[in-house]
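Raw model08.cif, mmCIF, C-alpha atoms and all ligand atoms:
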```cif
data_data
#
loop_
_atom_site.label_atom_id
_atom_site.label_comp_id
_atom_site.auth_asym_id
_atom_site.auth_seq_id
_atom_site.Cartn_x
_atom_site.Cartn_y
_atom_site.Cartn_z
CA MET O 1 -48.01 267.12 71.84
CA ASP O 2 -49.66 270.13 70.19
CA LEU O 3 -50.91 269.80 66.61
CA ARG O 4 -51.57 273.19 65.08
CA ILE O 5 -54.32 273.36 62.48
CA PHE O 6 -54.64 276.03 59.82
CA LEU O 7 -58.23 275.97 58.51
CA VAL O 8 -58.95 277.45 55.07
CA GLY O 9 -62.67 277.92 54.43
CA PHE O 10 -65.43 278.71 56.89
CA GLY O 11 -68.64 277.77 55.10
CA ASN O 12 -70.92 274.93 56.21
CA VAL O 13 -68.02 272.47 56.35
CA GLY O 14 -65.48 274.78 58.03
CA ARG O 15 -68.05 275.74 60.64
CA ALA O 16 -69.02 272.10 61.27
CA PHE O 17 -65.34 271.13 61.46
CA SER O 18 -64.63 273.84 64.05
CA ALA O 19 -67.63 272.78 66.14
CA LEU O 20 -66.62 269.11 65.97
CA LEU O 21 -63.04 270.00 66.89
CA LYS O 22 -64.23 271.96 69.91
CA ASP O 23 -66.43 269.04 70.94
CA ARG O 24 -63.72 266.35 70.55
CA VAL O 25 -60.52 268.12 71.55
CA ALA O 26 -60.56 266.94 75.18
CA SER O 27 -61.33 263.30 74.41
CA ILE O 28 -58.69 263.20 71.65
CA LEU O 29 -56.10 264.64 74.05
CA CYS O 30 -57.09 262.06 76.61
CA SER O 31 -57.02 259.06 74.25
CA SER O 32 -54.02 259.96 72.07
CA GLY O 33 -52.06 262.68 73.85
CA VAL O 34 -52.49 264.97 70.83
CA ASN O 35 -53.67 268.48 71.66
CA LEU O 36 -55.46 269.80 68.56
CA LYS O 37 -55.27 273.59 68.33
CA LEU O 38 -56.96 275.79 65.77
CA ALA O 39 -54.02 278.09 65.06
CA ALA O 40 -55.55 280.03 62.17
CA VAL O 41 -58.61 280.47 59.98
CA ALA O 42 -58.59 282.01 56.53
CA THR O 43 -61.54 282.72 54.26
CA ARG O 44 -62.14 284.43 50.94
CA SER O 45 -64.84 286.83 52.13
CA LYS O 46 -65.08 286.61 55.92
CA GLY O 47 -61.55 287.67 56.85
CA THR O 48 -58.65 285.82 58.42
CA ALA O 49 -57.50 285.30 62.01
CA CYS O 50 -54.64 283.58 63.81
CA HIS O 51 -53.35 283.23 67.33
CA ASP O 52 -50.08 281.81 68.68
CA GLU O 53 -51.89 279.98 71.47
CA GLY O 54 -54.81 278.89 69.30
CA LEU O 55 -58.15 280.54 68.51
CA GLU O 56 -60.99 280.18 70.98
CA ILE O 57 -63.40 278.17 68.87
CA SER O 58 -66.61 278.99 70.75
CA HIS O 59 -65.92 282.73 70.36
CA LEU O 60 -65.05 282.27 66.72
CA LEU O 61 -68.27 280.35 65.97
CA GLU O 62 -70.43 282.77 67.88
CA SER O 63 -68.94 285.91 66.35
CA GLU O 64 -69.12 284.44 62.83
CA ARG O 65 -72.78 283.56 63.44
CA ILE O 66 -73.56 287.13 64.47
CA THR O 67 -71.28 289.19 62.20
CA GLY O 68 -70.60 286.79 59.32
CA ARG O 69 -66.84 287.27 59.88
CA VAL O 70 -64.03 285.24 61.42
CA ASP O 71 -61.97 288.28 62.40
CA SER O 72 -64.36 289.83 64.89
CA SER O 73 -64.26 287.50 67.91
CA GLY O 74 -62.52 290.03 70.13
CA GLN O 75 -60.15 287.37 71.52
CA LYS O 76 -57.04 289.05 72.92
CA GLY O 77 -53.88 288.64 70.85
CA VAL O 78 -55.62 287.60 67.63
CA LEU O 79 -53.92 288.81 64.46
CA VAL O 80 -56.33 289.58 61.65
CA GLY O 81 -56.21 290.63 58.02
CA LYS O 82 -53.16 288.72 56.77
CA PRO O 83 -53.45 287.38 53.21
CA VAL O 84 -53.84 283.58 53.04
CA VAL O 85 -50.62 283.03 51.08
CA ASP O 86 -48.62 285.03 53.63
CA MET O 87 -50.17 282.94 56.38
CA ILE O 88 -49.23 279.66 54.65
CA GLU O 89 -45.73 281.04 54.09
CA GLY O 90 -45.11 282.49 57.52
CA LEU O 91 -47.32 280.84 60.12
CA ASP O 92 -46.29 278.11 62.50
CA PHE O 93 -48.73 275.26 61.79
CA ASP O 94 -48.61 271.48 61.30
CA VAL O 95 -51.57 270.69 59.07
CA LEU O 96 -53.49 272.69 56.51
CA VAL O 97 -57.20 271.79 56.47
CA GLU O 98 -58.57 273.01 53.15
CA CYS O 99 -62.36 273.05 52.94
CA SER O 100 -63.25 276.06 50.84
CA SER O 101 -66.07 275.57 48.33
CA PRO O 102 -64.96 273.58 45.30
CA ASP O 103 -64.16 275.16 41.99
CA LEU O 104 -64.63 272.21 39.65
CA GLU O 105 -63.62 274.26 36.63
CA ARG O 106 -60.04 275.00 37.71
CA GLY O 107 -59.58 273.79 41.26
CA GLU O 108 -58.29 277.22 42.33
CA PRO O 109 -57.31 278.89 44.60
CA ALA O 110 -57.32 275.70 46.70
CA THR O 111 -54.76 273.93 44.50
CA SER O 112 -52.26 276.77 44.97
CA TYR O 113 -52.77 276.82 48.75
CA ILE O 114 -52.35 273.04 49.01
CA MET O 115 -49.30 273.10 46.75
CA MET O 116 -47.66 275.84 48.82
CA ALA O 117 -48.27 274.02 52.08
CA LEU O 118 -47.04 270.64 50.76
CA ASP O 119 -44.00 272.32 49.25
CA LYS O 120 -43.15 273.61 52.73
CA GLY O 121 -43.41 270.02 54.00
CA LYS O 122 -46.71 270.63 55.82
CA ASP O 123 -49.36 267.90 55.91
CA VAL O 124 -52.60 268.68 54.10
CA VAL O 125 -56.10 267.35 54.67
CA THR O 126 -58.90 268.40 52.35
CA SER O 127 -62.54 267.82 51.48
CA ASN O 128 -62.24 269.97 48.37
CA LYS O 129 -62.90 268.06 45.14
CA GLY O 130 -61.51 270.72 42.76
CA PRO O 131 -57.80 270.29 43.53
CA LEU O 132 -58.10 266.50 43.62
CA PHE O 133 -59.95 266.29 40.32
CA HIS O 134 -57.55 268.60 38.46
CA ASN O 135 -54.23 268.00 40.18
CA TYR O 136 -54.21 264.78 42.19
CA HIS O 137 -51.06 263.40 40.56
CA ILE O 138 -49.09 266.65 40.85
CA LEU O 139 -50.10 267.22 44.47
CA SER O 140 -49.36 263.68 45.58
CA GLU O 141 -45.97 263.86 43.85
CA ILE O 142 -45.08 267.05 45.76
CA ALA O 143 -46.30 265.43 48.99
CA SER O 144 -44.10 262.42 48.46
CA GLN O 145 -41.06 264.53 47.50
CA ARG O 146 -41.51 266.67 50.63
CA LYS O 147 -42.38 263.69 52.84
CA ALA O 148 -45.68 265.31 53.76
CA SER O 149 -49.05 263.57 54.04
CA PHE O 150 -51.90 264.46 51.73
CA LEU O 151 -55.26 263.01 52.74
CA PHE O 152 -58.68 263.66 51.22
CA GLU O 153 -61.23 261.12 52.50
CA GLY O 154 -63.96 263.78 52.57
CA THR O 155 -63.83 264.42 48.83
CA VAL O 156 -65.68 261.26 47.80
CA MET O 157 -68.52 259.61 49.77
CA THR O 158 -68.05 262.19 52.52
CA GLY O 159 -65.92 260.18 54.86
CA THR O 160 -67.30 256.73 54.18
CA PRO O 161 -63.86 255.14 54.04
CA VAL O 162 -63.04 254.62 50.38
CA PHE O 163 -59.40 255.65 50.18
CA SER O 164 -58.38 254.43 53.62
CA LEU O 165 -60.08 251.09 52.88
CA PHE O 166 -57.74 250.56 49.94
CA ARG O 167 -54.73 252.20 51.64
CA ARG O 168 -55.01 250.01 54.72
CA CYS O 169 -57.21 246.93 54.32
CA LEU O 170 -56.95 246.22 50.60
CA ILE O 171 -53.37 247.35 50.15
CA GLY O 172 -51.91 245.69 47.03
CA SER O 173 -55.31 245.02 45.43
CA ARG O 174 -55.95 246.45 41.99
CA VAL O 175 -59.28 248.08 41.17
CA LEU O 176 -60.44 247.02 37.72
CA ARG O 177 -63.90 248.55 37.56
CA ILE O 178 -66.11 250.85 39.62
CA GLU O 179 -69.83 251.49 39.69
CA GLY O 180 -71.07 254.12 42.12
CA VAL O 181 -73.83 256.35 43.39
CA LEU O 182 -71.56 259.23 44.29
CA ASN O 183 -73.84 262.26 44.47
CA GLY O 184 -76.08 262.43 47.52
CA THR O 185 -78.09 265.39 46.23
CA SER O 186 -79.20 263.63 43.03
CA ASN O 187 -79.94 260.43 44.87
CA PHE O 188 -82.06 262.30 47.41
CA ILE O 189 -83.97 264.07 44.61
CA LEU O 190 -84.52 260.80 42.70
CA ASP O 191 -85.96 259.15 45.82
CA MET O 192 -88.30 262.09 46.49
CA MET O 193 -89.45 262.00 42.86
CA LYS O 194 -90.08 258.26 43.15
CA ARG O 195 -92.42 259.08 46.05
CA GLY O 196 -94.29 261.59 43.86
CA SER O 197 -92.49 264.89 44.51
CA SER O 198 -91.77 267.32 41.70
CA PHE O 199 -88.14 267.87 40.74
CA GLU O 200 -88.31 271.51 41.90
CA ARG O 201 -89.68 270.67 45.36
CA ALA O 202 -87.08 267.95 45.86
CA LEU O 203 -84.31 270.35 44.82
CA MET O 204 -85.51 272.99 47.30
CA GLU O 205 -85.58 270.39 50.09
CA VAL O 206 -82.06 269.14 49.41
CA GLN O 207 -80.78 272.73 49.31
CA ARG O 208 -82.53 273.48 52.61
CA ARG O 209 -80.64 270.57 54.18
CA ALA O 210 -77.29 271.93 52.87
CA TYR O 211 -76.45 268.73 50.99
CA SER O 212 -76.11 270.33 47.57
CA GLU O 213 -73.20 272.34 46.21
CA PRO O 214 -73.49 276.16 46.41
CA ASP O 215 -74.35 275.82 42.70
CA PRO O 216 -76.75 272.83 42.77
CA PHE O 217 -76.51 272.37 39.00
CA LEU O 218 -73.10 270.83 39.62
CA ASP O 219 -74.99 268.06 41.41
CA ILE O 220 -78.02 267.58 39.18
CA ASP O 221 -76.19 267.93 35.88
CA GLY O 222 -73.67 265.25 36.83
CA TRP O 223 -70.45 267.31 37.17
CA ASP O 224 -69.99 266.52 40.86
CA SER O 225 -70.46 262.79 40.16
CA ALA O 226 -68.04 262.95 37.22
CA SER O 227 -65.35 264.69 39.29
CA LYS O 228 -65.70 262.08 42.06
CA ALA O 229 -65.56 259.15 39.62
CA SER O 230 -62.44 260.68 38.12
CA ILE O 231 -60.87 261.21 41.57
CA ILE O 232 -61.45 257.54 42.45
CA ALA O 233 -60.03 256.49 39.07
CA GLN O 234 -56.90 258.63 39.54
CA VAL O 235 -56.28 257.59 43.14
CA LEU O 236 -57.23 253.90 43.03
CA MET O 237 -56.67 252.98 39.39
CA ASP O 238 -53.79 255.31 38.58
CA ALA O 239 -55.82 256.82 35.73
CA PRO O 240 -54.56 260.13 34.35
CA PHE O 241 -56.57 263.34 34.75
CA THR O 242 -59.57 263.16 32.40
CA PRO O 243 -61.15 266.53 31.55
CA PHE O 244 -64.95 266.83 31.69
CA SER O 245 -64.99 267.02 27.88
CA GLU O 246 -63.77 263.40 27.75
CA ILE O 247 -66.26 262.07 30.31
CA SER O 248 -69.71 261.05 29.12
CA ILE O 249 -72.00 263.02 31.47
CA GLU O 250 -75.78 262.97 31.68
CA GLY O 251 -77.57 264.45 34.70
CA ILE O 252 -81.08 264.19 36.13
CA ARG O 253 -82.49 267.59 35.17
CA THR O 254 -84.62 266.39 32.27
CA LEU O 255 -85.61 262.86 33.19
CA ASP O 256 -88.24 260.98 31.23
CA PRO O 257 -91.08 260.44 33.81
CA ASP O 258 -91.57 257.01 32.22
CA LEU O 259 -88.26 255.98 33.80
CA PHE O 260 -89.85 255.91 37.29
CA ILE O 261 -92.86 253.91 36.03
CA ARG O 262 -90.57 251.34 34.42
CA ALA O 263 -88.38 251.18 37.55
CA ASP O 264 -91.49 250.64 39.69
CA ARG O 265 -92.73 247.84 37.47
CA MET O 266 -89.53 245.87 38.05
CA ALA O 267 -89.26 246.85 41.76
CA GLY O 268 -86.04 248.66 40.87
CA SER O 269 -84.77 252.21 41.41
CA VAL O 270 -83.56 255.08 39.28
CA ARG O 271 -80.01 255.98 40.30
CA LEU O 272 -77.42 258.38 38.87
CA ILE O 273 -74.68 255.85 38.16
CA CYS O 274 -70.98 256.61 37.72
CA ARG O 275 -68.88 254.00 35.95
CA VAL O 276 -65.13 253.73 35.56
CA GLU O 277 -63.72 250.97 33.44
CA LYS O 278 -60.11 250.27 32.52
CA GLN O 279 -59.83 249.56 28.83
CA ALA O 280 -56.74 248.42 26.91
CA ASP O 281 -54.75 251.62 27.43
CA SER O 282 -57.39 254.10 28.55
CA TYR O 283 -60.14 254.60 31.12
CA ALA O 284 -63.82 255.08 30.26
CA ILE O 285 -65.68 257.29 32.76
CA SER O 286 -69.41 257.94 32.51
CA VAL O 287 -72.30 259.36 34.55
CA LYS O 288 -75.87 258.50 33.60
CA PRO O 289 -79.30 257.93 35.21
CA GLU O 290 -80.19 254.25 35.01
CA ILE O 291 -82.79 251.83 36.30
CA LEU O 292 -81.14 249.33 38.62
CA PRO O 293 -82.92 246.02 39.20
CA SER O 294 -83.88 245.16 42.79
CA ASN O 295 -81.05 242.64 43.16
CA HIS O 296 -78.35 245.19 42.26
CA PRO O 297 -76.29 246.14 45.37
CA LEU O 298 -76.70 249.87 44.63
CA CYS O 299 -80.50 249.69 44.13
CA SER O 300 -81.20 250.15 47.84
CA VAL O 301 -78.67 252.97 48.35
CA SER O 302 -81.32 255.53 49.18
CA GLY O 303 -81.65 259.22 49.97
CA ILE O 304 -78.46 261.08 50.77
CA THR O 305 -76.48 257.84 51.07
CA ASN O 306 -73.75 256.93 48.57
CA GLY O 307 -72.55 253.53 47.46
CA ALA O 308 -69.70 252.13 45.41
CA LEU O 309 -69.07 248.70 43.99
CA PHE O 310 -65.42 247.93 43.27
CA MET O 311 -64.24 244.99 41.17
CA THR O 312 -60.78 244.06 42.40
CA ASP O 313 -58.23 241.59 41.09
CA THR O 314 -57.91 239.91 44.49
CA ILE O 315 -61.17 239.59 46.40
CA GLY O 316 -63.55 240.16 43.47
CA GLU O 317 -66.38 242.56 44.24
CA ILE O 318 -66.61 244.70 47.34
CA CYS O 319 -69.47 247.12 47.94
CA ILE O 320 -69.45 249.95 50.47
CA THR O 321 -72.28 252.29 51.36
CA GLY O 322 -72.45 255.19 53.76
CA ALA O 323 -72.81 258.93 54.20
CA GLY O 324 -72.94 260.80 50.90
CA ALA O 325 -73.18 264.45 51.94
CA GLY O 326 -73.57 266.76 54.91
CA PRO O 327 -71.41 269.24 56.80
CA LEU O 328 -71.01 267.08 59.92
CA GLN O 329 -70.10 264.01 57.88
CA THR O 330 -67.51 265.99 55.90
CA ALA O 331 -66.14 267.54 59.10
CA HIS O 332 -65.77 264.04 60.52
CA ALA O 333 -63.82 262.96 57.42
CA LEU O 334 -61.39 265.86 57.93
CA LEU O 335 -60.93 265.04 61.60
CA MET O 336 -60.46 261.34 60.79
CA ASP O 337 -57.72 262.24 58.31
CA ILE O 338 -56.02 264.52 60.85
CA LEU O 339 -56.06 261.78 63.45
CA SER O 340 -54.61 259.31 61.02
CA LEU O 341 -51.62 261.66 60.65
CA GLN O 342 -50.76 260.97 64.26
CA GLY O 343 -48.48 258.07 63.36
CA ASN O 344 -46.47 260.48 61.21
CA PHE O 345 -46.25 263.00 64.01
CA SER O 346 -45.04 260.56 66.60
CA ARG O 347 -42.24 259.54 64.21
CA ARG O 348 -40.96 263.13 63.97
N1 LIG O 401 -73.10 268.07 46.84
C1 LIG O 401 -72.40 266.85 47.14
C2 LIG O 401 -73.39 265.71 47.08
C3 LIG O 401 -71.80 267.00 48.52
O1 LIG O 401 -74.58 265.95 47.11
O2 LIG O 401 -72.96 264.55 46.96
C4 LIG O 401 -70.83 265.92 48.88
O3 LIG O 401 -69.73 265.87 48.02
#
```
Would you kindly transcribe this structure into structure tokens?
Amino acid sequence: MDLRIFLVGFGNVGRAFSALLKDRVASILCSSGVNLKLAAVATRSKGTACHDEGLEISHLLESERITGRVDSSGQKGVLVGKPVVDMIEGLDFDVLVECSSPDLERGEPATSYIMMALDKGKDVVTSNKGPLFHNYHILSEIASQRKASFLFEGTVMTGTPVFSLFRRCLIGSRVLRIEGVLNGTSNFILDMMKRGSSFERALMEVQRRAYSEPDPFLDIDGWDSASKASIIAQVLMDAPFTPFSEISIEGIRTLDPDLFIRADRMAGSVRLICRVEKQADSYAISVKPEILPSNHPLCSVSGITNGALFMTDTIGEICITGAGAGPLQTAHALLMDILSLQGNFSRR
């Protein structure tokens, strides 16, 4: 069975996703009988391209590397230049993969693209935090009305299974409280500073490795962490959307150097900690650098890794750690979500 993918966004993640798809398409066909085809690619500034039989991914990657555009591969029969909304409206595809760079202020234009696709009954997979942070409840309501799937494992902890853990293994459990290290960039910087690096050098290194957001201040000033904490709260605790103005946010840009000395003295670590707590009839969300003692489960979550500690009403505490950032890791999360749609496809 063919599964036609419409990819929106061709930055680090879109590129890594296409490369991973090319690498895995044969083994996925062999193991599951699903033939993944990249039917279309749309970008804000690099053009758009689609092909009835599927785009040739190696040509696409190579031509984008050389020309910076997705519409210059020279593949015969490729249609170029169609506006994204027309493509969502008129193209024959099965799943929209939305991985354009996040707009944490409004979640646009990704929210509109996702909404349009879900409204047409198409499945959507995304790694984009903006639409989830601002519109999770609306989007999941449209998905359920249209009987479409809406998966977003790559938005938080970059594919370390947070949402699928609760959807599958801990189904029925309630999350009462969350503590997390949810921003890989800040954690990486804090660890480099612990080893004596300046803040500026650590920031340059994390940017060089493409872990940070295009605007790295979203990472170091705590906005990325706050949006992820809020996404977890909305998805797993049924919290309403909480605007940034109602989240207590403190980043790592102006840290007191004494913090590292005190952390060292108690063999602990400085971590940018997100907390979500259900109160009587509200949810308190905060982001703040803290010293964690050595026996805290998140103390040893180092470098680009993320970690989250969930207090549940069934099994008590559960802690997961894993990849926190990186194009390949995010690409893997998107592919994992697409593959988990398979059950839905075979039922059609
Ligand atoms: N900039 C983000 C981080 C990428 O460092 O955690 C993953 O969401």
Coordinates-based distance that separates CA of Asp224 in chain O from CA of Arg65 in chain O (Å, one decimal) |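 Taking CA of Arg65 in chain O as the start and CA of Asp224 in chain O as the end point, the length is 28.4 Å.
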Of the candidates O:Phe188, O:Phe199, O:Phe241, O:Phe17, which shows the shortest atom-to-atom distance to ligand LIG 401 (chain O), using all atoms listed in the file?
->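 Smallest distance to ligand LIG 401 (chain O) is found for O:Phe188.
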Got a sec to check which residues lie within 6 Å of ligand LIG 401 (chain O), using all atoms listed in the file, and send them as a list in words?
->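 Selection of residues at most 6 Å from ligand LIG 401 (chain O): Thr158, Asn183, Gly184, Thr185, Tyr211, Ser212, Glu213, Asp219, Gly324 and Ala325 of chain O.
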Spatial sel., origin (-62.1, 264.5, 27.1), limit 12 Å, only C-alpha atoms, listed as a PyMOL selection string = chain O and resi 226+230+240-249+282-286
Excluding same-chain residues fewer than 3 positions from Leu139 in chain O, what lies within 10 Å of it counting all atoms listed in the file, as a VMD selection string?
-> chain O and resid 111 to 112 114 to 116 118 to 119 131 to 132 134 to 136 142 to 145 150
May I ask which of the residues O:Ile28, O:Leu104, O:Val80, O:Val276 is the closest one to Phe217 in chain O, counting all atoms listed in the file?
->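 Going through O:Ile28, O:Leu104, O:Val80, O:Val276 one by one, the smallest distance to Phe217 in chain O is for O:Leu104.
Of note, CA of Asp2 in chain O and CA of Ala19 in chain O are spaced 18.6 Å apart.
With all atoms listed in the file as the atoms that count, the minimum distance from Phe163 in chain O to the choices O:Gln234, O:Ser101, O:Ser197, O:Ser269 is reached by O:Gln234.
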Using all atoms listed in the file, determine which residues lie at most 9 Å from Glu153 in chain O, disregarding the query and same-chain residues fewer than 2 positions distant; provide the list as an MDAnalysis selection string.
-> chainID O and resid 125:127 151 155:164 330 333:334 336:337
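Minimum atom-to-atom distances from O:Glu141, O:Asp256, O:Asp313, O:Asp264 to Arg195 in chain O were compared using only C-alpha atoms, and the lowest value belongs to O:Asp264.
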Enter the distance from CA of Val301 in chain O to CA of Thr321 in chain O, in Å, rounded to one decimal.
->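 Computing it gives 7.1 Å between the two atoms.
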Sphere at (-79.8, 256.7, 49.3), radius 12 Å, counting only C-alpha atoms: residues as a PyMOL selection string | chain O and resi 157+180-192+269-272+297-308+321-325
Could you check which of O:Ile138, O:Gly316, O:Asn295, O:Asp103 is closest to Asp215 in chain O, using only C-alpha atoms?
->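 Looking only at the distances to Asp215 in chain O, the closest residue turns out to be O:Asp103.
Comparing the minimum interatomic distances between Gly11 in chain O and each of O:Lys46, O:His296, O:Arg24, O:Lys37, counting all atoms listed in the file, we find that O:Lys46 sits nearest.
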Closest-contact table, range 99-173 of chain O side, partner range 7-10 of chain O, 9 Å, counting only C-alpha atoms, as JSON lines:
```
{"residue": "O:Cys99", "atom": "CA", "partner": "O:Gly9", "partner_atom": "CA", "distance": 5.1}
{"residue": "O:Ser100", "atom": "CA", "partner": "O:Gly9", "partner_atom": "CA", "distance": 4.1}
{"residue": "O:Ser101", "atom": "CA", "partner": "O:Gly9", "partner_atom": "CA", "distance": 7.4}
{"residue": "O:Ala110", "atom": "CA", "partner": "O:Val8", "partner_atom": "CA", "distance": 8.7}
{"residue": "O:Tyr113", "atom": "CA", "partner": "O:Val8", "partner_atom": "CA", "distance": 8.9}
```
